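S.K.: After the structure tokens below, expect a handful of questions from me.
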Amino acid sequence: MSRAGGRLAIVLHSHSPWLLGHGTWPVGEEWLRQAWGQAYLPLVQLLRMRAERGERELLTVGITPVLAAQWDDPNSVREQRRWLADWRTRATGKGIWATSAGDAVAAADARRQYRIARAMENEFDEHWSAGGSAAIRPLVDAEVVEVLGGPMTHTFTPHVLTPFAHLALESGLRDHTARLGSRPTGIWAPECAYSPGLEEIYQRQGADHFLVDGPTLQHVGASTHLPHRIGDSDVVAFGRDLSLTYRVWSPRRGYPGNQWYQDFHSFDHEWGVRAHRVTSRSSPAKDPYDPKRAAQRVQLDAHDFLQRAIEVIRSSTEADPLVVVAYDTELFGHWWHEGPQFLEAVFELAPAAGIELTTLRAERDRAADRPGIHLTAGSWGSGKDFRVWAEGEAGQLRDRGTAAQYAVLSYLSDLPANWRASRNETADAIVTELLLAMSSDWAFMITKDSAAQYARVRAQGHFDRLAELLRSVHHDPNVHVSDRRLPFVDARLLPV
């Protein structure tokens, strides 16, 4: 592998909508359990090992407040521990069955599954038993990662009325501060969505950098290899480089589709494990997973990724380019079983390639001496515009959300003049339900036909509950409702 001087910022986006108490299999809580056990646990373990080696500013990780709340919920923590034990038990059962049946391949895979499950149980018991914040905060304190904050429930901000955009972001940043001990200066803008004026909201809340997709910068002739101040603000936007990002994962290709990697979609429903490799794109038949061949492929792909990064750096028109890639954290370990191994290989190989790994906050000041730019609207969704969250059923959800926001504003405006003097639990519960109803996940899942019916039911349930709450306070202004799911949602944060 050749060498090149340059910097690479890897950004991971950790998120799920509120899933606790809303179904189990195949989405619902099982979604959270699998991502937690197979992606979040091994990633934090890897980062802690790098921190112990004294490494700093290695990775930028967005953690949405709604996910952090589920990591810290005591009942959720207990259920995750039970899920990990069940994973180990299922692997044991498969091993006993395979041995008695004389299936040496299945028995070997069961032993592999057992070792992984047991290791994740130990990791959980030692570092996560008090919740996710207890596991993540040492990484923040060691400065091995930058953690991005964001709006409380991952609302699609361009479709949120300005008062609620302020409230959702300020609530989210307060939540982050309480859980991790410091207020973030960088945020993950949900869906990398931007519309003109959002930087004013960010600046008011003290957020000074965020990420957009590369085409959002390119549409106005701005380089994706530099950070840019937006307009007259001090808020800086970074752009995702798609040529390198898509090397790993894209709508059509990427490393996880290699024939030697574990197949996410080939699921053994009897034992609840994945035991086959991708094998062939053209055939439903799958061969057994071979961890040694997968490990070899990881090294090849890590080398390829860094070689491509070198090519991007060398071809950039900027004198000192910064290349930013961004992915959902779930890709690394959950959807792509070998993902954590790939990251570890990249961390190990990058110095020899002359590539410095960095974080967004470490690069933000590079925009200070250049004129601001004016962006047009964009996202990282299909078409790089808003269509995923604005067309068809998604558009109907957007319109319903707009009407609901005006209804909640009307309710708040009718409260006694001194209602902001102390926390109003009923108002907080109403705003919580509104924000949960407006999670961007529901529209995305419907548009992409990914567990679409689950998303319809969830969105409908939140809007129905919100309507019920508003009817209750209309008939009895003294009704009291308490909702502790998202304790840092404070209706008083709505701008006066």
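For the structure tokens, the naming scheme is as follows: chains receive sequential letters (A, B, ...) according to their order of presentation, residues are indexed from 1 within each chain, and ligands are indexed from 1 in presentation order.
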DSSP says strand (DSSP E or B) for which residues of range 202-422 of chain A? Put them as JSON, numbers by chain?
M.R.: {"A": [209, 210, 211, 212, 213, 228, 229, 230, 236, 237, 238, 239, 240, 262, 268, 273, 276, 277, 288, 322, 323, 324, 325, 326, 327, 328, 332, 336, 355, 356, 357, 358, 373, 378]}
S.K.: Please list as a list of chain:residue names every residue within 10 Å of Leu226 in chain A, counting only C-alpha atoms and excluding residues in the same chain fewer than 6 positions away.
M.R.: A:Ala237, A:Phe238, A:Gly239, A:Glu318, A:Ala319, A:Asp320, A:Pro321, A:Leu322, A:Val323, A:Val324, A:Glu363, A:Arg364, A:Arg366, A:Ala367
S.K.: I want to know what sits within 9 Å of Leu470 in chain A, based on only C-alpha atoms, with residues of the same chain fewer than 6 positions away left out; could you give that as a PyMOL selection string?
M.R.: chain A and resi 407-408+411+430
S.K.: Residues of the last selection are to be written out with N, CA and C atoms, as an mmCIF file, in the first residue's frame.
M.R.:
```cif
data_model
loop_
_atom_site.group_PDB
_atom_site.id
_atom_site.type_symbol
_atom_site.label_atom_id
_atom_site.label_comp_id
_atom_site.auth_asym_id
_atom_site.auth_seq_id
_atom_site.Cartn_x
_atom_site.Cartn_y
_atom_site.Cartn_z
ATOM 1 N N ALA A 407 -51.436 22.196 17.176
ATOM 2 C CA ALA A 407 -52.369 21.875 18.261
ATOM 3 C C ALA A 407 -51.675 21.972 19.612
ATOM 4 N N VAL A 408 -50.435 21.494 19.705
ATOM 5 C CA VAL A 408 -49.698 21.564 20.961
ATOM 6 C C VAL A 408 -49.329 23.007 21.285
ATOM 7 N N TYR A 411 -52.350 24.541 22.808
ATOM 8 C CA TYR A 411 -52.515 24.098 24.192
ATOM 9 C C TYR A 411 -51.577 24.851 25.135
ATOM 10 N N ILE A 430 -47.088 15.687 26.927
ATOM 11 C CA ILE A 430 -47.682 15.997 25.629
ATOM 12 C C ILE A 430 -46.595 16.274 24.596
#
```
S.K.: Need the shell around His154 in chain A: protein/DNA/RNA residues with any atom at most 9 Å away, counting only C-alpha atoms. Skip same-chain ones fewer than 6 positions apart. Format as a PDB file with N, CA and C atoms, in the first residue's frame?
M.R.:
```pdb
ATOM      1  N   HIS A  15     -28.410   5.098  16.562  1.00  0.00           N
ATOM      2  CA  HIS A  15     -29.791   5.537  16.768  1.00  0.00           C
ATOM      3  C   HIS A  15     -30.761   4.371  16.642  1.00  0.00           C
ATOM      4  N   SER A  16     -31.809   4.435  17.425  1.00  0.00           N
ATOM      5  CA  SER A  16     -33.032   3.683  17.153  1.00  0.00           C
ATOM      6  C   SER A  16     -34.183   4.511  17.688  1.00  0.00           C
ATOM      7  N   PRO A  17     -35.370   4.391  17.104  1.00  0.00           N
ATOM      8  CA  PRO A  17     -36.524   5.062  17.707  1.00  0.00           C
ATOM      9  C   PRO A  17     -36.852   4.404  19.040  1.00  0.00           C
ATOM     10  N   THR A  64     -27.995   9.330  19.603  1.00  0.00           N
ATOM     11  CA  THR A  64     -29.223  10.092  19.768  1.00  0.00           C
ATOM     12  C   THR A  64     -29.740   9.956  21.198  1.00  0.00           C
ATOM     13  N   PRO A  65     -30.323  11.010  21.733  1.00  0.00           N
ATOM     14  CA  PRO A  65     -30.835  10.941  23.108  1.00  0.00           C
ATOM     15  C   PRO A  65     -31.859   9.830  23.316  1.00  0.00           C
ATOM     16  N   VAL A  66     -32.677   9.562  22.300  1.00  0.00           N
ATOM     17  CA  VAL A  66     -33.695   8.531  22.466  1.00  0.00           C
ATOM     18  C   VAL A  66     -33.055   7.153  22.585  1.00  0.00           C
ATOM     19  N   ALA A 168     -36.576  20.576  20.743  1.00  0.00           N
ATOM     20  CA  ALA A 168     -36.063  19.222  20.556  1.00  0.00           C
ATOM     21  C   ALA A 168     -34.541  19.187  20.674  1.00  0.00           C
ATOM     22  N   ALA A 189     -27.131  15.984  12.594  1.00  0.00           N
ATOM     23  CA  ALA A 189     -28.399  16.464  12.044  1.00  0.00           C
ATOM     24  C   ALA A 189     -29.147  15.258  11.490  1.00  0.00           C
ATOM     25  N   PRO A 190     -30.325  14.922  12.020  1.00  0.00           N
ATOM     26  CA  PRO A 190     -31.015  13.710  11.581  1.00  0.00           C
ATOM     27  C   PRO A 190     -31.136  13.628  10.065  1.00  0.00           C
ATOM     28  N   GLU A 191     -30.773  12.475   9.549  1.00  0.00           N
ATOM     29  CA  GLU A 191     -30.780  12.175   8.123  1.00  0.00           C
ATOM     30  C   GLU A 191     -29.842  13.085   7.330  1.00  0.00           C
ATOM     31  N   LEU A 435     -43.007  14.561  19.972  1.00  0.00           N
ATOM     32  CA  LEU A 435     -41.680  14.305  19.417  1.00  0.00           C
ATOM     33  C   LEU A 435     -41.508  12.841  19.011  1.00  0.00           C
ATOM     34  N   LEU A 436     -42.078  11.918  19.786  1.00  0.00           N
ATOM     35  CA  LEU A 436     -42.006  10.504  19.414  1.00  0.00           C
ATOM     36  C   LEU A 436     -42.786  10.234  18.130  1.00  0.00           C
ATOM     37  N   MET A 438     -43.105  12.232  15.722  1.00  0.00           N
ATOM     38  CA  MET A 438     -42.433  12.861  14.585  1.00  0.00           C
ATOM     39  C   MET A 438     -41.040  12.297  14.316  1.00  0.00           C
ATOM     40  N   SER A 439     -40.693  11.182  14.928  1.00  0.00           N
ATOM     41  CA  SER A 439     -39.415  10.536  14.615  1.00  0.00           C
ATOM     42  C   SER A 439     -39.310  10.307  13.111  1.00  0.00           C
ATOM     43  N   SER A 440     -38.152  10.606  12.547  1.00  0.00           N
ATOM     44  CA  SER A 440     -37.984  10.439  11.095  1.00  0.00           C
ATOM     45  C   SER A 440     -38.041   8.970  10.677  1.00  0.00           C
ATOM     46  N   ASP A 441     -37.883   8.054  11.622  1.00  0.00           N
ATOM     47  CA  ASP A 441     -37.847   6.632  11.298  1.00  0.00           C
ATOM     48  C   ASP A 441     -39.127   6.143  10.649  1.00  0.00           C
TER      49      ASP A 441
END
```
S.K.: So, with only C-alpha atoms as the atoms that count, which of A:Tyr261, A:Ala295, A:Glu200, A:Gln453 lies closest to Asp232 in chain A?
M.R.: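 Of A:Tyr261, A:Ala295, A:Glu200, A:Gln453, the one nearest Asp232 in chain A is A:Glu200, counting only C-alpha atoms.
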S.K.: Give me, as a PyMOL selection string, all polymer residues having an atom no more than 12 Å from Gln307 in chain A, counting only C-alpha atoms and skipping those fewer than 4 positions away in the same chain.
M.R.: chain A and resi 1-4+244+247+300-303+311-314+346+349-350+352-355
S.K.: So, counting only C-alpha atoms, which residue among A:Leu494, A:Trp389, A:Gly401, A:Gly54 is closest to Ser413 in chain A?
M.R.: A:Leu494
S.K.: Could you list, as a VMD selection string, every residue within 10 Å of range 98-111 of chain A, counting only C-alpha atoms and ignoring same-chain residues fewer than 6 positions away?
M.R.: chain A and resid 88 90 to 92 117 271 273 to 276 288 to 291
S.K.: I'd like the contact shell of Tyr454 in chain A - 9 Å cut-off, only C-alpha atoms, skipping same-chain residues fewer than 5 positions apart - returned as a list of chain:residue names.
M.R.: A:Gly23, A:Val27, A:Gly28, A:Trp442, A:Met445, A:Ile446, A:Ala459
S.K.: Write out, as a PDB file, in the first residue's frame, the residues just selected, with C-alpha atoms.
M.R.:
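This went into out.pdb:
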```pdb
ATOM      1  CA  GLY A  23     -43.318  -5.244  20.090  1.00  0.00           C
ATOM      2  CA  VAL A  27     -38.552  -5.436  14.901  1.00  0.00           C
ATOM      3  CA  GLY A  28     -39.634  -3.903  18.193  1.00  0.00           C
ATOM      4  CA  TRP A 442     -41.538   6.113  10.630  1.00  0.00           C
ATOM      5  CA  MET A 445     -39.493   2.738   7.073  1.00  0.00           C
ATOM      6  CA  ILE A 446     -42.742   3.318   5.183  1.00  0.00           C
ATOM      7  CA  ALA A 459     -46.807   6.552  14.166  1.00  0.00           C
TER       8      ALA A 459
END
```
S.K.: If you run DSSP over the backbone, which residues in range 103-271 of chain A end up alpha helix (DSSP H)? Put them as JSON, numbers by chain.
M.R.: {"A": [104, 105, 106, 107, 108, 109, 110, 111, 112, 113, 114, 115, 116, 117, 118, 119, 120, 121, 122, 123, 124, 125, 126, 127, 132, 133, 134, 135, 136, 137, 138, 139, 140, 141, 162, 163, 164, 165, 166, 167, 168, 169, 170, 171, 172, 173, 174, 175, 176, 177, 178, 179, 180, 198, 199, 200, 201, 202, 203, 204, 214, 215, 216, 217, 218, 242, 243, 244, 245, 246, 247, 248]}
S.K.: Let me make sure I understand: among A:Gly339, A:Pro416, A:Gly257, A:Gly62, which one has the smallest atom-to-atom distance to Val147 in chain A if we use only C-alpha atoms?
M.R.: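 Checking each of A:Gly339, A:Pro416, A:Gly257, A:Gly62 against Val147 in chain A, counting only C-alpha atoms, the winner is A:Gly62.
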